[in-house]
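protein_23.tsv follows; it contains TSV, N, CA and C atoms.
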```tsv
chain	number	residue	atom	x	y	z
A	1	MET	N	123.25	116.42	52.45
A	1	MET	CA	122.95	116.07	51.09
A	1	MET	C	122.01	114.87	51.09
A	2	GLY	N	120.91	114.97	50.36
A	2	GLY	CA	119.93	113.90	50.33
A	2	GLY	C	120.38	112.71	49.53
A	3	ASP	N	119.68	111.57	49.72
A	3	ASP	CA	120.03	110.35	48.99
A	3	ASP	C	119.91	110.53	47.49
A	4	LYS	N	118.87	111.25	47.05
A	4	LYS	CA	118.68	111.46	45.62
A	4	LYS	C	119.85	112.25	45.04
A	5	CYS	N	120.28	113.27	45.74
A	5	CYS	CA	121.40	114.09	45.29
A	5	CYS	C	122.69	113.26	45.22
A	6	LEU	N	122.92	112.43	46.23
A	6	LEU	CA	124.10	111.57	46.24
A	6	LEU	C	124.08	110.57	45.09
A	7	ASN	N	122.90	110.02	44.83
A	7	ASN	CA	122.77	109.07	43.72
A	7	ASN	C	123.05	109.76	42.39
A	8	ASN	N	122.54	110.98	42.22
A	8	ASN	CA	122.80	111.72	40.99
A	8	ASN	C	124.29	112.02	40.85
A	9	LEU	N	124.93	112.36	41.95
A	9	LEU	CA	126.36	112.63	41.94
A	9	LEU	C	127.13	111.38	41.54
A	10	LYS	N	126.77	110.23	42.10
A	10	LYS	CA	127.44	108.97	41.76
A	10	LYS	C	127.26	108.64	40.28
A	11	LEU	N	126.03	108.81	39.77
A	11	LEU	CA	125.76	108.52	38.36
A	11	LEU	C	126.56	109.45	37.46
A	12	THR	N	126.68	110.69	37.84
A	12	THR	CA	127.45	111.64	37.04
A	12	THR	C	128.92	111.26	37.01
A	13	MET	N	129.46	110.90	38.15
A	13	MET	CA	130.87	110.52	38.21
A	13	MET	C	131.12	109.24	37.41
A	14	ILE	N	130.18	108.32	37.44
A	14	ILE	CA	130.30	107.10	36.64
A	14	ILE	C	130.31	107.47	35.16
A	15	ALA	N	129.45	108.40	34.77
A	15	ALA	CA	129.39	108.83	33.38
A	15	ALA	C	130.70	109.47	32.94
A	16	VAL	N	131.30	110.26	33.83
A	16	VAL	CA	132.59	110.89	33.51
A	16	VAL	C	133.65	109.83	33.31
A	17	VAL	N	133.72	108.88	34.23
A	17	VAL	CA	134.71	107.81	34.12
A	17	VAL	C	134.49	107.00	32.85
A	18	MET	N	133.24	106.68	32.54
A	18	MET	CA	132.94	105.91	31.33
A	18	MET	C	133.33	106.71	30.10
A	19	GLY	N	133.05	108.02	30.11
A	19	GLY	CA	133.42	108.87	28.99
A	19	GLY	C	134.91	108.90	28.77
A	20	LEU	N	135.67	109.01	29.86
A	20	LEU	CA	137.13	109.01	29.74
A	20	LEU	C	137.63	107.66	29.26
A	21	ALA	N	137.01	106.59	29.70
A	21	ALA	CA	137.41	105.26	29.24
A	21	ALA	C	137.15	105.12	27.74
A	22	GLN	N	136.01	105.64	27.28
A	22	GLN	CA	135.71	105.59	25.85
A	22	GLN	C	136.73	106.41	25.07
A	23	MET	N	137.10	107.56	25.63
A	23	MET	CA	138.06	108.43	24.97
A	23	MET	C	139.39	107.70	24.80
A	24	CYS	N	139.82	107.01	25.83
A	24	CYS	CA	141.09	106.28	25.75
A	24	CYS	C	140.98	105.11	24.78
A	25	ALA	N	139.82	104.49	24.71
A	25	ALA	CA	139.62	103.33	23.83
A	25	ALA	C	139.57	103.74	22.37
A	26	ALA	N	139.26	105.01	22.10
A	26	ALA	CA	139.17	105.46	20.71
A	26	ALA	C	140.52	105.42	20.01
A	27	GLY	N	141.59	105.43	20.78
A	27	GLY	CA	142.92	105.30	20.21
A	27	GLY	C	143.54	106.64	19.90
A	28	PRO	N	144.77	106.61	19.45
A	28	PRO	CA	145.50	107.84	19.19
A	28	PRO	C	145.01	108.54	17.93
A	29	ALA	N	145.41	109.79	17.80
A	29	ALA	CA	145.07	110.56	16.60
A	29	ALA	C	145.77	109.93	15.39
A	30	PRO	N	145.19	110.11	14.22
A	30	PRO	CA	145.80	109.54	13.03
A	30	PRO	C	147.15	110.22	12.74
A	31	SER	N	148.03	109.49	12.07
A	31	SER	CA	149.32	110.09	11.73
A	31	SER	C	149.10	111.14	10.63
A	32	PRO	N	149.90	112.17	10.62
A	32	PRO	CA	149.72	113.24	9.64
A	32	PRO	C	149.81	112.73	8.20
A	33	ASN	N	148.89	113.17	7.39
A	33	ASN	CA	148.87	112.86	5.97
A	33	ASN	C	148.30	114.09	5.27
A	34	PRO	N	149.17	114.97	4.77
A	34	PRO	CA	148.71	116.24	4.21
A	34	PRO	C	147.67	116.11	3.10
A	35	ALA	N	147.81	115.11	2.23
A	35	ALA	CA	146.85	114.96	1.14
A	35	ALA	C	145.46	114.62	1.68
A	36	LYS	N	145.41	113.68	2.65
A	36	LYS	CA	144.13	113.31	3.24
A	36	LYS	C	143.54	114.46	4.05
A	37	GLN	N	144.40	115.18	4.77
A	37	GLN	CA	143.94	116.32	5.55
A	37	GLN	C	143.29	117.37	4.64
A	38	LYS	N	143.94	117.65	3.52
A	38	LYS	CA	143.41	118.65	2.58
A	38	LYS	C	142.06	118.22	2.02
A	39	LYS	N	141.95	116.95	1.62
A	39	LYS	CA	140.69	116.42	1.08
A	39	LYS	C	139.60	116.47	2.15
A	40	ALA	N	139.95	116.06	3.36
A	40	ALA	CA	138.98	116.07	4.46
A	40	ALA	C	138.52	117.49	4.76
A	41	ASN	N	139.43	118.45	4.69
A	41	ASN	CA	139.08	119.85	4.94
A	41	ASN	C	138.12	120.37	3.87
A	42	GLU	N	138.34	120.00	2.63
A	42	GLU	CA	137.41	120.39	1.55
A	42	GLU	C	136.02	119.82	1.80
A	43	ILE	N	135.97	118.55	2.18
A	43	ILE	CA	134.69	117.91	2.46
A	43	ILE	C	134.04	118.57	3.68
A	44	PHE	N	134.84	118.87	4.71
A	44	PHE	CA	134.33	119.53	5.91
A	44	PHE	C	133.70	120.88	5.57
A	45	LYS	N	134.35	121.67	4.72
A	45	LYS	CA	133.80	122.98	4.32
A	45	LYS	C	132.45	122.83	3.64
A	46	GLN	N	132.31	121.77	2.84
A	46	GLN	CA	131.02	121.49	2.20
A	46	GLN	C	129.96	121.17	3.26
A	47	ALA	N	130.33	120.35	4.26
A	47	ALA	CA	129.40	120.01	5.34
A	47	ALA	C	129.01	121.25	6.12
A	48	LEU	N	129.96	122.12	6.37
A	48	LEU	CA	129.68	123.35	7.11
A	48	LEU	C	128.72	124.25	6.32
A	49	SER	N	128.90	124.32	5.02
A	49	SER	CA	127.97	125.09	4.18
A	49	SER	C	126.56	124.51	4.25
A	50	GLN	N	126.46	123.20	4.18
A	50	GLN	CA	125.15	122.54	4.27
A	50	GLN	C	124.51	122.83	5.63
A	51	TYR	N	125.33	122.78	6.69
A	51	TYR	CA	124.83	123.08	8.03
A	51	TYR	C	124.29	124.51	8.09
A	52	ASN	N	125.04	125.44	7.54
A	52	ASN	CA	124.61	126.85	7.55
A	52	ASN	C	123.35	127.09	6.74
A	53	LEU	N	123.09	126.23	5.76
A	53	LEU	CA	121.87	126.32	4.96
A	53	LEU	C	120.69	125.58	5.62
A	54	GLY	N	120.96	124.92	6.74
A	54	GLY	CA	119.92	124.18	7.44
A	54	GLY	C	119.68	122.79	6.91
A	55	GLU	N	120.58	122.29	6.09
A	55	GLU	CA	120.47	120.95	5.51
A	55	GLU	C	121.18	119.95	6.42
A	56	MET	N	120.56	119.67	7.57
A	56	MET	CA	121.22	118.91	8.63
A	56	MET	C	121.56	117.47	8.23
A	57	GLU	N	120.63	116.77	7.60
A	57	GLU	CA	120.90	115.37	7.23
A	57	GLU	C	122.03	115.29	6.20
A	58	SER	N	121.99	116.18	5.22
A	58	SER	CA	123.06	116.21	4.21
A	58	SER	C	124.39	116.57	4.84
A	59	ALA	N	124.37	117.54	5.74
A	59	ALA	CA	125.59	117.96	6.42
A	59	ALA	C	126.17	116.80	7.23
A	60	LEU	N	125.32	116.02	7.88
A	60	LEU	CA	125.80	114.88	8.66
A	60	LEU	C	126.45	113.83	7.76
A	61	ARG	N	125.81	113.53	6.64
A	61	ARG	CA	126.42	112.56	5.71
A	61	ARG	C	127.77	113.06	5.21
A	62	THR	N	127.84	114.35	4.92
A	62	THR	CA	129.08	114.93	4.39
A	62	THR	C	130.17	114.97	5.44
A	63	VAL	N	129.82	115.37	6.67
A	63	VAL	CA	130.85	115.42	7.72
A	63	VAL	C	131.33	114.01	8.06
A	64	ASN	N	130.45	113.03	7.96
A	64	ASN	CA	130.87	111.63	8.17
A	64	ASN	C	131.92	111.23	7.13
A	65	LYS	N	131.74	111.70	5.88
A	65	LYS	CA	132.73	111.44	4.84
A	65	LYS	C	134.06	112.09	5.18
A	66	SER	N	133.98	113.32	5.68
A	66	SER	CA	135.19	114.04	6.07
A	66	SER	C	135.95	113.28	7.15
A	67	ILE	N	135.21	112.80	8.15
A	67	ILE	CA	135.83	112.07	9.26
A	67	ILE	C	136.44	110.75	8.77
A	68	SER	N	135.76	110.07	7.87
A	68	SER	CA	136.32	108.81	7.37
A	68	SER	C	137.55	109.05	6.49
A	69	THR	N	137.64	110.24	5.89
A	69	THR	CA	138.83	110.58	5.10
A	69	THR	C	140.00	110.90	6.02
A	70	TYR	N	139.76	111.76	7.01
A	70	TYR	CA	140.79	112.13	7.98
A	70	TYR	C	140.10	112.80	9.16
A	71	PRO	N	140.03	112.15	10.31
A	71	PRO	CA	139.32	112.72	11.45
A	71	PRO	C	140.02	113.96	12.02
A	72	THR	N	139.23	115.01	12.22
A	72	THR	CA	139.75	116.24	12.82
A	72	THR	C	138.81	116.69	13.94
A	73	PRO	N	139.31	117.49	14.87
A	73	PRO	CA	138.43	117.97	15.94
A	73	PRO	C	137.28	118.83	15.42
A	74	ASP	N	137.54	119.63	14.39
A	74	ASP	CA	136.47	120.47	13.83
A	74	ASP	C	135.35	119.62	13.25
A	75	ALA	N	135.73	118.56	12.55
A	75	ALA	CA	134.71	117.68	11.95
A	75	ALA	C	133.91	116.97	13.04
A	76	TYR	N	134.60	116.48	14.07
A	76	TYR	CA	133.88	115.82	15.16
A	76	TYR	C	132.98	116.81	15.91
A	77	SER	N	133.42	118.05	16.04
A	77	SER	CA	132.58	119.06	16.70
A	77	SER	C	131.31	119.31	15.91
A	78	LEU	N	131.47	119.45	14.60
A	78	LEU	CA	130.29	119.65	13.75
A	78	LEU	C	129.39	118.42	13.80
A	79	GLN	N	129.99	117.25	13.76
A	79	GLN	CA	129.21	116.02	13.84
A	79	GLN	C	128.41	115.98	15.15
A	80	SER	N	129.04	116.39	16.24
A	80	SER	CA	128.35	116.43	17.53
A	80	SER	C	127.14	117.34	17.48
A	81	MET	N	127.34	118.55	16.95
A	81	MET	CA	126.23	119.50	16.87
A	81	MET	C	125.11	118.97	15.99
A	82	LEU	N	125.48	118.33	14.89
A	82	LEU	CA	124.45	117.79	14.00
A	82	LEU	C	123.66	116.67	14.67
A	83	HIS	N	124.36	115.76	15.33
A	83	HIS	CA	123.66	114.68	16.04
A	83	HIS	C	122.71	115.26	17.09
A	84	GLU	N	123.20	116.26	17.80
A	84	GLU	CA	122.36	116.86	18.83
A	84	GLU	C	121.15	117.56	18.23
A	85	THR	N	121.37	118.29	17.15
A	85	THR	CA	120.27	118.98	16.47
A	85	THR	C	119.23	117.99	15.96
A	86	LEU	N	119.70	116.84	15.51
A	86	LEU	CA	118.79	115.82	14.99
A	86	LEU	C	118.22	114.92	16.09
A	87	GLY	N	118.57	115.20	17.34
A	87	GLY	CA	117.98	114.48	18.48
A	87	GLY	C	118.69	113.21	18.88
A	88	ASP	N	119.85	112.94	18.33
A	88	ASP	CA	120.59	111.72	18.66
A	88	ASP	C	121.68	112.06	19.69
A	89	THR	N	121.26	112.17	20.95
A	89	THR	CA	122.21	112.62	21.98
A	89	THR	C	123.29	111.59	22.29
A	90	ALA	N	123.00	110.32	22.14
A	90	ALA	CA	124.02	109.30	22.39
A	90	ALA	C	125.16	109.42	21.38
A	91	SER	N	124.80	109.62	20.12
A	91	SER	CA	125.83	109.80	19.09
A	91	SER	C	126.56	111.12	19.26
A	92	ALA	N	125.85	112.15	19.73
A	92	ALA	CA	126.49	113.45	19.97
A	92	ALA	C	127.58	113.28	21.03
A	93	ARG	N	127.26	112.60	22.10
A	93	ARG	CA	128.23	112.37	23.17
A	93	ARG	C	129.44	111.60	22.65
A	94	LYS	N	129.20	110.57	21.85
A	94	LYS	CA	130.29	109.78	21.28
A	94	LYS	C	131.19	110.66	20.40
A	95	SER	N	130.59	111.56	19.65
A	95	SER	CA	131.37	112.46	18.79
A	95	SER	C	132.23	113.40	19.62
A	96	TYR	N	131.68	113.90	20.73
A	96	TYR	CA	132.48	114.76	21.60
A	96	TYR	C	133.67	113.99	22.17
A	97	VAL	N	133.44	112.76	22.57
A	97	VAL	CA	134.53	111.93	23.11
A	97	VAL	C	135.57	111.66	22.02
A	98	ASN	N	135.11	111.36	20.81
A	98	ASN	CA	136.05	111.12	19.71
A	98	ASN	C	136.86	112.37	19.39
A	99	CYS	N	136.23	113.51	19.49
A	99	CYS	CA	136.92	114.78	19.25
A	99	CYS	C	138.09	114.93	20.23
A	100	LEU	N	137.84	114.64	21.49
A	100	LEU	CA	138.91	114.73	22.49
A	100	LEU	C	139.99	113.68	22.24
A	101	ALA	N	139.59	112.54	21.71
A	101	ALA	CA	140.56	111.46	21.46
A	101	ALA	C	141.52	111.82	20.33
A	102	VAL	N	141.02	112.46	19.26
A	102	VAL	CA	141.90	112.77	18.13
A	102	VAL	C	142.75	114.02	18.41
A	103	ALA	N	142.30	114.87	19.32
A	103	ALA	CA	143.06	116.10	19.61
A	103	ALA	C	142.90	116.46	21.09
A	104	PRO	N	143.58	115.74	21.97
A	104	PRO	CA	143.39	115.97	23.41
A	104	PRO	C	143.85	117.35	23.89
A	105	LEU	N	144.61	118.06	23.11
A	105	LEU	CA	145.06	119.39	23.52
A	105	LEU	C	144.25	120.52	22.86
A	106	TYR	N	143.24	120.16	22.11
A	106	TYR	CA	142.40	121.15	21.42
A	106	TYR	C	141.37	121.68	22.41
A	107	ARG	N	141.67	122.82	23.00
A	107	ARG	CA	140.86	123.36	24.10
A	107	ARG	C	139.38	123.56	23.79
A	108	PRO	N	139.02	124.05	22.61
A	108	PRO	CA	137.58	124.24	22.37
A	108	PRO	C	136.74	122.98	22.56
A	109	SER	N	137.33	121.82	22.31
A	109	SER	CA	136.58	120.57	22.47
A	109	SER	C	136.09	120.38	23.90
A	110	TYR	N	136.92	120.76	24.85
A	110	TYR	CA	136.53	120.63	26.26
A	110	TYR	C	135.37	121.57	26.58
A	111	TYR	N	135.42	122.77	26.01
A	111	TYR	CA	134.33	123.71	26.24
A	111	TYR	C	133.04	123.20	25.63
A	112	TYR	N	133.10	122.72	24.38
A	112	TYR	CA	131.89	122.24	23.71
A	112	TYR	C	131.30	121.03	24.44
A	113	PHE	N	132.17	120.12	24.87
A	113	PHE	CA	131.70	118.95	25.59
A	113	PHE	C	131.12	119.38	26.94
A	114	ALA	N	131.77	120.32	27.62
A	114	ALA	CA	131.26	120.82	28.90
A	114	ALA	C	129.89	121.46	28.71
A	115	ASP	N	129.73	122.23	27.65
A	115	ASP	CA	128.45	122.86	27.37
A	115	ASP	C	127.37	121.80	27.14
A	116	TYR	N	127.70	120.76	26.39
A	116	TYR	CA	126.78	119.66	26.16
A	116	TYR	C	126.38	119.01	27.48
A	117	LEU	N	127.38	118.70	28.32
A	117	LEU	CA	127.11	118.06	29.60
A	117	LEU	C	126.25	118.96	30.49
A	118	TYR	N	126.53	120.25	30.48
A	118	TYR	CA	125.76	121.21	31.28
A	118	TYR	C	124.29	121.20	30.83
A	119	ARG	N	124.08	121.22	29.52
A	119	ARG	CA	122.70	121.21	29.01
A	119	ARG	C	121.98	119.91	29.33
A	120	LYS	N	122.74	118.87	29.60
A	120	LYS	CA	122.16	117.58	29.99
A	120	LYS	C	122.08	117.45	31.52
A	121	HIS	N	122.30	118.56	32.21
A	121	HIS	CA	122.24	118.64	33.68
A	121	HIS	C	123.28	117.76	34.36
A	122	GLN	N	124.40	117.54	33.70
A	122	GLN	CA	125.52	116.79	34.27
A	122	GLN	C	126.56	117.82	34.71
A	123	PHE	N	126.20	118.56	35.75
A	123	PHE	CA	126.95	119.73	36.17
A	123	PHE	C	128.36	119.42	36.66
A	124	ILE	N	128.52	118.36	37.41
A	124	ILE	CA	129.84	118.03	37.94
A	124	ILE	C	130.77	117.61	36.80
A	125	ALA	N	130.26	116.81	35.89
A	125	ALA	CA	131.07	116.40	34.73
A	125	ALA	C	131.42	117.60	33.86
A	126	ALA	N	130.47	118.52	33.71
A	126	ALA	CA	130.73	119.73	32.93
A	126	ALA	C	131.83	120.55	33.58
A	127	ARG	N	131.75	120.69	34.87
A	127	ARG	CA	132.78	121.45	35.60
A	127	ARG	C	134.15	120.79	35.47
A	128	ALA	N	134.17	119.46	35.51
A	128	ALA	CA	135.44	118.75	35.37
A	128	ALA	C	136.06	119.01	33.99
A	129	MET	N	135.23	119.06	32.96
A	129	MET	CA	135.73	119.36	31.61
A	129	MET	C	136.32	120.77	31.55
A	130	ILE	N	135.62	121.73	32.13
A	130	ILE	CA	136.09	123.12	32.12
A	130	ILE	C	137.39	123.23	32.91
A	131	ASP	N	137.46	122.56	34.04
A	131	ASP	CA	138.64	122.65	34.90
A	131	ASP	C	139.88	122.00	34.28
A	132	THR	N	139.69	121.18	33.27
A	132	THR	CA	140.81	120.50	32.64
A	132	THR	C	141.84	121.51	32.11
A	133	PHE	N	141.36	122.62	31.58
A	133	PHE	CA	142.28	123.59	30.98
A	133	PHE	C	142.22	124.95	31.64
A	134	ARG	N	142.00	125.00	32.91
A	134	ARG	CA	142.02	126.28	33.63
A	134	ARG	C	143.40	126.77	33.82
```
Serialized structure, structure tokens:
Amino acid sequence: MGDKCLNNLKLTMIAVVMGLAQMCAAGPAPSPNPAKQKKANEIFKQALSQYNLGEMESALRTVNKSISTYPTPDAYSLQSMLHETLGDTASARKSYVNCLAVAPLYRPSYYYFADYLYRKHQFIAARAMIDTFR
């Protein structure tokens, strides 16, 4: 294995560790609150409609409202996709990490984050995400 390959491997592993540290720092999922969950879900549906219409900036503002009302993995997933579509990859990564923090057992989040990492050529980190729920 060449030096360049080893350096890339080290950088990837550092990124994985940093991502997991961020995930732990995000804190636990919010306590259940049915009224807030219902309101957040209504706002999320509006954001999803805007996304489907191609209104990315509006959808991002709306999904941010949903998350501030009651954070859910679906809202963070949509937020991740919107950030990525709008070219803000750092915020997209943060949203994926937040998604895992609010719902660590929500399997689709690992797949979406792995897909993101794969597209960023972070193959080892992507594989680690996929292997989490094999």
Find the residues near stretch 44-58 of chain A: any atom within 8 Å, counting all atoms listed in the file, skip ones fewer than 2 places away on the same chain, and give them as a list in words.
Lys38, Lys39, Ala40, Asn41, Glu42, Leu60, Arg61, Thr62, Val63, Asn64, Lys65, Ser66, Ile67, Asp74, Ala75, Leu78, Leu82, His83, Thr85 and Leu86 of chain A
Figure out the distance between atom CA of A:Ala114 and atom N of A:Pro32, please, to one decimal in Å.
27.5 Å
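Distance-wise, atom N of A:Tyr106 and atom N of A:Tyr76 end up 12.4 Å apart.
Taking atom C of A:Tyr112 and atom N of A:Glu84 as the two end points, the separation is 11.5 Å.
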Determine the nearest neighbour of A:Tyr116 from the options A:Ala103, A:Asp131, A:Lys36, A:Tyr96, counting only C-alpha atoms.
A:Tyr96
What's around A:Met81 at 8 Å? Count only N, CA and C atoms, leave out sequence neighbours fewer than 6 positions away in its own chain, and write the answer as number ranges by chain.
A: 75, 87, 91-93, 95-96
DSSP says alpha helix (DSSP H) for which residues of stretch 41-124 of chain A? Put them as a PyMOL selection string?
chain A and resi 41-52+56-69+73-85+89-102+107-119+123-124
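Taking all atoms listed in the file into account, A:Pro71 lies nearest to A:Cys99 out of the set A:Ala125, A:Leu105, A:Cys99, A:Leu117.
Counting only C-alpha atoms and comparing A:Lys94, A:Ile124, A:Thr89, A:Pro73, the residue that lies closest to A:Ser109 is A:Pro73.
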